[in-house]
>>> print(open('final05.pdb').read())   # PDB, C-alpha atoms, pLDDT in the B column
ATOM      1  CA  MET A   1      70.644 -18.928 -26.652  1.00 49.00           C
ATOM      2  CA  SER A   2      67.180 -19.144 -25.097  1.00 57.00           C
ATOM      3  CA  PRO A   3      64.388 -21.046 -26.829  1.00 63.00           C
ATOM      4  CA  PHE A   4      61.894 -19.164 -29.003  1.00 70.00           C
ATOM      5  CA  ARG A   5      58.836 -17.844 -27.199  1.00 74.00           C
ATOM      6  CA  SER A   6      55.935 -16.335 -29.104  1.00 90.00           C
ATOM      7  CA  PHE A   7      54.350 -13.185 -27.753  1.00 97.00           C
ATOM      8  CA  MET A   8      51.464 -13.400 -30.198  1.00 97.00           C
ATOM      9  CA  ASP A   9      49.064 -14.062 -27.290  1.00 97.00           C
ATOM     10  CA  VAL A  10      49.876 -10.573 -25.984  1.00 98.00           C
ATOM     11  CA  ALA A  11      49.251  -9.050 -29.418  1.00 98.00           C
ATOM     12  CA  LEU A  12      45.957 -10.958 -29.672  1.00 98.00           C
ATOM     13  CA  ALA A  13      44.877  -9.629 -26.267  1.00 98.00           C
ATOM     14  CA  GLU A  14      45.531  -6.100 -27.547  1.00 98.00           C
ATOM     15  CA  ALA A  15      43.528  -6.881 -30.700  1.00 98.00           C
ATOM     16  CA  HIS A  16      40.585  -8.093 -28.591  1.00 98.00           C
ATOM     17  CA  ALA A  17      40.773  -4.903 -26.511  1.00 98.00           C
ATOM     18  CA  ALA A  18      40.782  -2.809 -29.703  1.00 98.00           C
ATOM     19  CA  ALA A  19      37.648  -4.605 -30.928  1.00 98.00           C
ATOM     20  CA  THR A  20      35.951  -3.872 -27.602  1.00 97.00           C
ATOM     21  CA  ARG A  21      36.684  -0.169 -28.187  1.00 97.00           C
ATOM     22  CA  GLY A  22      35.154  -0.390 -31.682  1.00 97.00           C
ATOM     23  CA  GLU A  23      38.551  -0.254 -33.379  1.00 98.00           C
ATOM     24  CA  VAL A  24      39.691  -2.652 -36.095  1.00 98.00           C
ATOM     25  CA  PRO A  25      41.073  -5.523 -34.010  1.00 98.00           C
ATOM     26  CA  VAL A  26      44.805  -5.344 -34.539  1.00 98.00           C
ATOM     27  CA  GLY A  27      47.294  -5.665 -31.709  1.00 98.00           C
ATOM     28  CA  ALA A  28      51.059  -5.383 -31.458  1.00 98.00           C
ATOM     29  CA  VAL A  29      53.803  -5.916 -28.904  1.00 98.00           C
ATOM     30  CA  VAL A  30      57.486  -4.946 -29.027  1.00 98.00           C
ATOM     31  CA  ILE A  31      59.988  -7.245 -27.324  1.00 98.00           C
ATOM     32  CA  GLY A  32      63.459  -5.914 -26.601  1.00 97.00           C
ATOM     33  CA  ALA A  33      66.689  -7.641 -27.543  1.00 96.00           C
ATOM     34  CA  ASP A  34      66.806  -9.000 -23.974  1.00 95.00           C
ATOM     35  CA  GLY A  35      63.405 -10.703 -24.355  1.00 95.00           C
ATOM     36  CA  VAL A  36      61.578  -8.216 -22.131  1.00 96.00           C
ATOM     37  CA  GLU A  37      58.355  -6.563 -23.274  1.00 97.00           C
ATOM     38  CA  LEU A  38      58.911  -2.894 -24.103  1.00 98.00           C
ATOM     39  CA  ALA A  39      55.435  -1.859 -25.270  1.00 98.00           C
ATOM     40  CA  ARG A  40      52.065  -3.105 -26.428  1.00 98.00           C
ATOM     41  CA  ALA A  41      49.171  -1.445 -28.191  1.00 98.00           C
ATOM     42  CA  GLY A  42      46.004  -1.956 -30.153  1.00 98.00           C
ATOM     43  CA  ASN A  43      44.560   0.171 -32.923  1.00 98.00           C
ATOM     44  CA  ARG A  44      43.282   3.575 -31.762  1.00 98.00           C
ATOM     45  CA  THR A  45      42.653   5.415 -35.040  1.00 98.00           C
ATOM     46  CA  ARG A  46      39.026   6.243 -34.228  1.00 98.00           C
ATOM     47  CA  GLU A  47      39.572   7.020 -30.565  1.00 98.00           C
ATOM     48  CA  LEU A  48      42.490   9.370 -31.265  1.00 98.00           C
ATOM     49  CA  HIS A  49      41.129  10.686 -34.579  1.00 98.00           C
ATOM     50  CA  ASP A  50      44.509   9.796 -36.017  1.00 98.00           C
ATOM     51  CA  PRO A  51      44.991   7.760 -39.208  1.00 98.00           C
ATOM     52  CA  THR A  52      48.516   6.858 -38.066  1.00 98.00           C
ATOM     53  CA  ALA A  53      47.391   5.361 -34.736  1.00 98.00           C
ATOM     54  CA  HIS A  54      47.851   1.774 -35.920  1.00 98.00           C
ATOM     55  CA  ALA A  55      48.834  -0.769 -33.276  1.00 98.00           C
ATOM     56  CA  GLU A  56      52.347  -1.106 -34.694  1.00 98.00           C
ATOM     57  CA  ILE A  57      53.009   2.649 -34.777  1.00 98.00           C
ATOM     58  CA  LEU A  58      51.733   3.145 -31.230  1.00 98.00           C
ATOM     59  CA  ALA A  59      53.799   0.240 -29.901  1.00 98.00           C
ATOM     60  CA  LEU A  60      56.928   1.436 -31.720  1.00 98.00           C
ATOM     61  CA  ARG A  61      56.462   4.963 -30.348  1.00 98.00           C
ATOM     62  CA  MET A  62      56.115   3.686 -26.776  1.00 98.00           C
ATOM     63  CA  ALA A  63      59.089   1.335 -27.089  1.00 98.00           C
ATOM     64  CA  CYS A  64      61.299   4.074 -28.529  1.00 98.00           C
ATOM     65  CA  ALA A  65      60.215   6.471 -25.796  1.00 98.00           C
ATOM     66  CA  SER A  66      60.969   3.912 -23.093  1.00 97.00           C
ATOM     67  CA  LEU A  67      64.491   3.400 -24.467  1.00 97.00           C
ATOM     68  CA  ARG A  68      64.915   7.090 -25.362  1.00 98.00           C
ATOM     69  CA  SER A  69      65.980   6.112 -28.878  1.00 98.00           C
ATOM     70  CA  GLU A  70      64.515   6.309 -32.368  1.00 97.00           C
ATOM     71  CA  ARG A  71      65.841   2.818 -33.107  1.00 98.00           C
ATOM     72  CA  LEU A  72      65.157  -0.588 -31.603  1.00 98.00           C
ATOM     73  CA  PRO A  73      68.037  -2.810 -32.770  1.00 97.00           C
ATOM     74  CA  GLY A  74      67.628  -6.426 -31.789  1.00 97.00           C
ATOM     75  CA  ALA A  75      63.940  -5.959 -30.963  1.00 98.00           C
ATOM     76  CA  ALA A  76      61.068  -8.074 -32.231  1.00 98.00           C
ATOM     77  CA  LEU A  77      57.588  -6.917 -33.174  1.00 98.00           C
ATOM     78  CA  TYR A  78      54.583  -9.230 -32.964  1.00 98.00           C
ATOM     79  CA  VAL A  79      51.448  -8.043 -34.727  1.00 98.00           C
ATOM     80  CA  THR A  80      48.186  -9.834 -35.441  1.00 98.00           C
ATOM     81  CA  LEU A  81      47.834  -8.593 -39.033  1.00 98.00           C
ATOM     82  CA  GLU A  82      50.358  -8.109 -41.829  1.00 98.00           C
ATOM     83  CA  PRO A  83      51.550  -4.500 -41.480  1.00 98.00           C
ATOM     84  CA  CYS A  84      50.429  -1.926 -44.029  1.00 98.00           C
ATOM     85  CA  ALA A  85      52.979   0.049 -46.046  1.00 98.00           C
ATOM     86  CA  MET A  86      53.080   2.884 -43.485  1.00 98.00           C
ATOM     87  CA  CYS A  87      53.749   0.481 -40.622  1.00 98.00           C
ATOM     88  CA  ALA A  88      56.292  -1.529 -42.621  1.00 98.00           C
ATOM     89  CA  ALA A  89      58.236   1.680 -43.314  1.00 98.00           C
ATOM     90  CA  ALA A  90      58.166   2.550 -39.601  1.00 98.00           C
ATOM     91  CA  ILE A  91      59.352  -0.972 -38.741  1.00 98.00           C
ATOM     92  CA  SER A  92      62.273  -0.522 -41.129  1.00 98.00           C
ATOM     93  CA  ASN A  93      63.090   2.942 -39.768  1.00 98.00           C
ATOM     94  CA  ALA A  94      63.034   1.616 -36.187  1.00 98.00           C
ATOM     95  CA  ARG A  95      65.480  -1.120 -37.222  1.00 98.00           C
ATOM     96  CA  ILE A  96      63.291  -3.911 -35.832  1.00 98.00           C
ATOM     97  CA  ALA A  97      65.271  -7.163 -36.100  1.00 98.00           C
ATOM     98  CA  ARG A  98      62.351  -9.595 -36.388  1.00 98.00           C
ATOM     99  CA  LEU A  99      58.744  -9.141 -37.456  1.00 98.00           C
ATOM    100  CA  TYR A 100      56.198 -11.819 -36.584  1.00 98.00           C
ATOM    101  CA  TYR A 101      52.662 -11.449 -37.869  1.00 98.00           C
ATOM    102  CA  GLY A 102      49.497 -13.501 -37.854  1.00 98.00           C
ATOM    103  CA  ALA A 103      46.945 -12.956 -40.608  1.00 98.00           C
ATOM    104  CA  ALA A 104      47.953 -12.038 -44.138  1.00 98.00           C
ATOM    105  CA  ASP A 105      46.358  -8.890 -45.567  1.00 97.00           C
ATOM    106  CA  PRO A 106      46.034  -9.240 -49.353  1.00 96.00           C
ATOM    107  CA  LYS A 107      44.006  -5.995 -49.536  1.00 95.00           C
ATOM    108  CA  SER A 108      46.150  -3.587 -47.504  1.00 96.00           C
ATOM    109  CA  GLY A 109      49.305  -5.455 -46.508  1.00 97.00           C
ATOM    110  CA  GLY A 110      52.680  -3.896 -47.156  1.00 98.00           C
ATOM    111  CA  VAL A 111      55.025  -6.807 -46.437  1.00 98.00           C
ATOM    112  CA  ALA A 112      54.045  -9.872 -48.490  1.00 97.00           C
ATOM    113  CA  HIS A 113      51.298  -8.100 -50.450  1.00 97.00           C
ATOM    114  CA  GLY A 114      50.789  -4.707 -52.042  1.00 94.00           C
ATOM    115  CA  ALA A 115      53.737  -2.359 -51.619  1.00 95.00           C
ATOM    116  CA  ARG A 116      56.142  -5.038 -50.321  1.00 97.00           C
ATOM    117  CA  VAL A 117      58.088  -2.286 -48.582  1.00 98.00           C
ATOM    118  CA  PHE A 118      61.021  -4.435 -47.508  1.00 98.00           C
ATOM    119  CA  SER A 119      61.786  -5.507 -51.077  1.00 97.00           C
ATOM    120  CA  HIS A 120      62.486  -1.941 -52.266  1.00 94.00           C
ATOM    121  CA  PRO A 121      66.027  -0.582 -52.492  1.00 92.00           C
ATOM    122  CA  GLN A 122      64.807   2.460 -50.504  1.00 90.00           C
ATOM    123  CA  SER A 123      64.212   0.206 -47.511  1.00 93.00           C
ATOM    124  CA  HIS A 124      67.377   0.799 -45.514  1.00 90.00           C
ATOM    125  CA  HIS A 125      66.710  -2.035 -43.094  1.00 97.00           C
ATOM    126  CA  VAL A 126      64.920  -5.329 -43.671  1.00 97.00           C
ATOM    127  CA  PRO A 127      63.842  -7.363 -40.650  1.00 98.00           C
ATOM    128  CA  GLU A 128      63.570 -11.117 -40.598  1.00 98.00           C
ATOM    129  CA  VAL A 129      59.893 -11.811 -41.323  1.00 98.00           C
ATOM    130  CA  TYR A 130      57.866 -14.710 -39.950  1.00 98.00           C
ATOM    131  CA  ASP A 131      54.211 -14.939 -40.923  1.00 97.00           C
ATOM    132  CA  GLY A 132      51.259 -17.097 -39.981  1.00 97.00           C
ATOM    133  CA  LEU A 133      51.658 -17.091 -36.172  1.00 96.00           C
ATOM    134  CA  ALA A 134      48.165 -17.619 -34.704  1.00 96.00           C
ATOM    135  CA  ALA A 135      46.807 -16.683 -38.121  1.00 97.00           C
ATOM    136  CA  ALA A 136      43.522 -18.565 -37.697  1.00 97.00           C
ATOM    137  CA  GLU A 137      42.667 -16.734 -34.472  1.00 97.00           C
ATOM    138  CA  ALA A 138      43.670 -13.346 -35.895  1.00 97.00           C
ATOM    139  CA  GLU A 139      41.666 -13.957 -39.081  1.00 97.00           C
ATOM    140  CA  SER A 140      38.628 -15.093 -37.102  1.00 97.00           C
ATOM    141  CA  LEU A 141      38.757 -12.015 -34.900  1.00 98.00           C
ATOM    142  CA  LEU A 142      38.865  -9.725 -37.942  1.00 97.00           C
ATOM    143  CA  ARG A 143      36.203 -11.673 -39.837  1.00 97.00           C
ATOM    144  CA  ASN A 144      33.796 -11.595 -36.870  1.00 96.00           C
ATOM    145  CA  PHE A 145      34.436  -7.903 -36.220  1.00 96.00           C
ATOM    146  CA  PHE A 146      33.522  -6.909 -39.778  1.00 94.00           C
ATOM    147  CA  ALA A 147      30.611  -9.371 -39.983  1.00 93.00           C
ATOM    148  CA  GLU A 148      29.050  -7.739 -36.916  1.00 90.00           C
ATOM    149  CA  ARG A 149      29.372  -4.319 -38.509  1.00 85.00           C
ATOM    150  CA  ARG A 150      27.714  -5.438 -41.755  1.00 82.00           C
ATOM    151  CA  VAL A 151      24.676  -6.658 -39.772  1.00 77.00           C
ATOM    152  CA  GLN A 152      24.239  -3.351 -37.919  1.00 65.00           C
TER     153      GLN A 152
END
>>> encode(input="final05.pdb", output="structure tokens")
Amino acid sequence: MSPFRSFMDVALAEAHAAATRGEVPVGAVVIGADGVELARAGNRTRELHDPTAHAEILALRMACASLRSERLPGAALYVTLEPCAMCAAAISNARIARLYYGAADPKSGGVAHGARVFSHPQSHHVPEVYDGLAAAEAESLLRNFFAERRVQ
């Protein structure tokens, strides 16, 4: 078994790119069961005029398309912010094996806060969840993004 390697730096790079585009700075990356990157994305809800264009959803779509499958067994998802309920449901439906996220989201989170999607009996698949990876950097990025908007 190979040693653990975090891909949170890739997700953070996507979050920074999202902020540059004026999007809420959230980034995600999907890593296949073989440890190879399948997809990466940042939020694009404003750019695409699509409320579902969260980083996680976009990355899951690209990863599924690349494997020509609606499921990603054995895959890991790294995301800079605790997924919302919509994204948590998509993570479950994609059969992601491991979810790693940075900042907690007490207001809109759907994993450890709010809906707690994975704790419901309707959740057919529950990934292993690891939180707090690069949380300080992810929180700072979000805090600075919104602080700049309040000044404008």
>>> atom_distance(input="final05.pdb", atom1="CA of Arg143 (chain A)", atom2="CA of Tyr130 (chain A)")
21.9 Å
>>> closest_residue(input="final05.pdb", among="A:Ala11, A:Cys84, A:Ala41, A:Val126", to="His113 (chain A)", atoms="only C-alpha atoms")
A:Cys84
>>> closest_residue(input="final05.pdb", among="A:Ala15, A:Leu48, A:Val79, A:Ile91", to="Cys64 (chain A)", atoms="only C-alpha atoms")
A:Ile91
>>> residues_near_point(input="final05.pdb", point="(60.9, -7.8, -22.6)", cutoff="12 Å", atoms="only C-alpha atoms", output="JSON, numbers by chain")
{"A": [5, 6, 7, 10, 29, 30, 31, 32, 33, 34, 35, 36, 37, 38, 39, 40, 63, 66, 67, 74, 75, 76, 77]}
>>> resolve_selection(input="final05.pdb", expression="the PyMOL selection byres ((chain A and resi 46) around 12)", output="ChimeraX atom specification")
/A:18-19,21-25,42-45,47-54
>>> atom_distance(input="final05.pdb", atom1="CA of Ser119 (chain A)", atom2="CA of Leu12 (chain A)")
27.2 Å
>>> atom_distance(input="final05.pdb", atom1="CA of Leu60 (chain A)", atom2="CA of Glu82 (chain A)")
15.4 Å
>>> closest_residue(input="final05.pdb", among="A:Ala85, A:Arg116, A:Thr80, A:Ser69", to="His16 (chain A)", atoms="all atoms listed in the file")
A:Thr80
>>> closest_residue(input="final05.pdb", among="A:Pro121, A:Ala138, A:Pro73, A:Glu128", to="Ala13 (chain A)", atoms="only C-alpha atoms")
A:Ala138
>>> closest_residue(input="final05.pdb", among="A:Ala89, A:Leu72, A:Ala65, A:Leu141", to="Ala17 (chain A)", atoms="only C-alpha atoms")
A:Leu141
>>> resolve_selection(input="final05.pdb", expression="the PyMOL selection byres ((chain A and resi 99-105) around 8)", output="NGL selection string")
:A and (8 or 76-83 or 96-98 or 106-109 or 112-113 or 127-136 or 138-139)
>>> build_atoms(input="final05.pdb", residues="region 46-57 of chain A", atoms="all heavy atoms", output="CSV table (one decimal), in the frame of the given file")
chain,number,residue,atom,x,y,z
A,46,ARG,N,40.3,5.5,-34.5
A,46,ARG,CA,39.0,6.2,-34.2
A,46,ARG,C,39.1,7.0,-32.9
A,46,ARG,O,38.7,8.2,-32.9
A,46,ARG,CB,37.9,5.3,-34.2
A,46,ARG,CG,37.6,4.6,-35.6
A,46,ARG,CD,36.6,3.5,-35.5
A,46,ARG,NE,36.5,2.9,-36.8
A,46,ARG,CZ,35.4,2.9,-37.5
A,46,ARG,NH1,34.3,3.5,-37.1
A,46,ARG,NH2,35.4,2.3,-38.7
A,47,GLU,N,39.5,6.4,-31.9
A,47,GLU,CA,39.6,7.0,-30.6
A,47,GLU,C,40.4,8.3,-30.6
A,47,GLU,O,40.0,9.3,-30.0
A,47,GLU,CB,40.1,6.0,-29.5
A,47,GLU,CG,40.3,6.6,-28.2
A,47,GLU,CD,41.1,5.6,-27.2
A,47,GLU,OE1,41.1,4.4,-27.5
A,47,GLU,OE2,41.6,6.1,-26.2
A,48,LEU,N,41.6,8.2,-31.2
A,48,LEU,CA,42.5,9.4,-31.3
A,48,LEU,C,42.3,10.3,-32.5
A,48,LEU,O,43.0,11.3,-32.6
A,48,LEU,CB,43.9,8.9,-31.2
A,48,LEU,CG,44.3,8.0,-30.0
A,48,LEU,CD1,45.8,7.5,-30.1
A,48,LEU,CD2,44.2,8.9,-28.7
A,49,HIS,N,41.4,9.9,-33.3
A,49,HIS,CA,41.1,10.7,-34.6
A,49,HIS,C,42.5,10.9,-35.3
A,49,HIS,O,42.8,12.0,-35.7
A,49,HIS,CB,40.5,12.0,-34.3
A,49,HIS,CG,39.3,11.9,-33.4
A,49,HIS,ND1,38.1,11.4,-33.8
A,49,HIS,CD2,39.1,12.3,-32.1
A,49,HIS,CE1,37.2,11.4,-32.8
A,49,HIS,NE2,37.8,11.9,-31.7
A,50,ASP,N,43.2,9.8,-35.5
A,50,ASP,CA,44.5,9.8,-36.0
A,50,ASP,C,44.7,8.6,-37.0
A,50,ASP,O,44.8,7.5,-36.5
A,50,ASP,CB,45.5,9.7,-34.9
A,50,ASP,CG,47.0,9.7,-35.3
A,50,ASP,OD1,47.2,9.7,-36.5
A,50,ASP,OD2,47.8,9.7,-34.4
A,51,PRO,N,44.8,8.9,-38.3
A,51,PRO,CA,45.0,7.8,-39.2
A,51,PRO,C,46.3,7.0,-39.0
A,51,PRO,O,46.4,5.9,-39.6
A,51,PRO,CB,44.9,8.4,-40.6
A,51,PRO,CG,45.3,9.9,-40.3
A,51,PRO,CD,44.8,10.2,-38.9
A,52,THR,N,47.2,7.6,-38.3
A,52,THR,CA,48.5,6.9,-38.1
A,52,THR,C,48.5,6.0,-36.8
A,52,THR,O,49.5,5.4,-36.5
A,52,THR,CB,49.7,7.8,-38.0
A,52,THR,OG1,49.6,8.6,-36.8
A,52,THR,CG2,49.7,8.7,-39.3
A,53,ALA,N,47.4,6.0,-36.0
A,53,ALA,CA,47.4,5.4,-34.7
A,53,ALA,C,47.1,3.9,-34.9
A,53,ALA,O,46.3,3.3,-34.2
A,53,ALA,CB,46.4,6.0,-33.8
A,54,HIS,N,47.9,3.2,-35.8
A,54,HIS,CA,47.9,1.8,-35.9
A,54,HIS,C,48.6,1.2,-34.7
A,54,HIS,O,49.5,1.8,-34.1
A,54,HIS,CB,48.5,1.4,-37.2
A,54,HIS,CG,47.8,1.7,-38.4
A,54,HIS,ND1,48.0,1.2,-39.7
A,54,HIS,CD2,46.8,2.6,-38.7
A,54,HIS,CE1,47.2,1.7,-40.6
A,54,HIS,NE2,46.5,2.6,-40.0
A,55,ALA,N,48.2,-0.1,-34.4
A,55,ALA,CA,48.8,-0.8,-33.3
A,55,ALA,C,50.4,-0.8,-33.4
A,55,ALA,O,51.0,-0.5,-32.4
A,55,ALA,CB,48.3,-2.2,-33.2
A,56,GLU,N,50.9,-1.0,-34.5
A,56,GLU,CA,52.3,-1.1,-34.7
A,56,GLU,C,53.0,0.2,-34.4
A,56,GLU,O,54.0,0.3,-33.7
A,56,GLU,CB,52.7,-1.5,-36.1
A,56,GLU,CG,52.2,-2.8,-36.6
A,56,GLU,CD,50.9,-2.7,-37.3
A,56,GLU,OE1,50.0,-1.9,-37.0
A,56,GLU,OE2,50.7,-3.5,-38.3
A,57,ILE,N,52.4,1.3,-35.0
A,57,ILE,CA,53.0,2.6,-34.8
A,57,ILE,C,53.0,3.0,-33.3
A,57,ILE,O,54.0,3.5,-32.8
A,57,ILE,CB,52.2,3.7,-35.6
A,57,ILE,CG1,52.3,3.4,-37.1
A,57,ILE,CG2,52.7,5.1,-35.3
A,57,ILE,CD1,53.7,3.5,-37.7
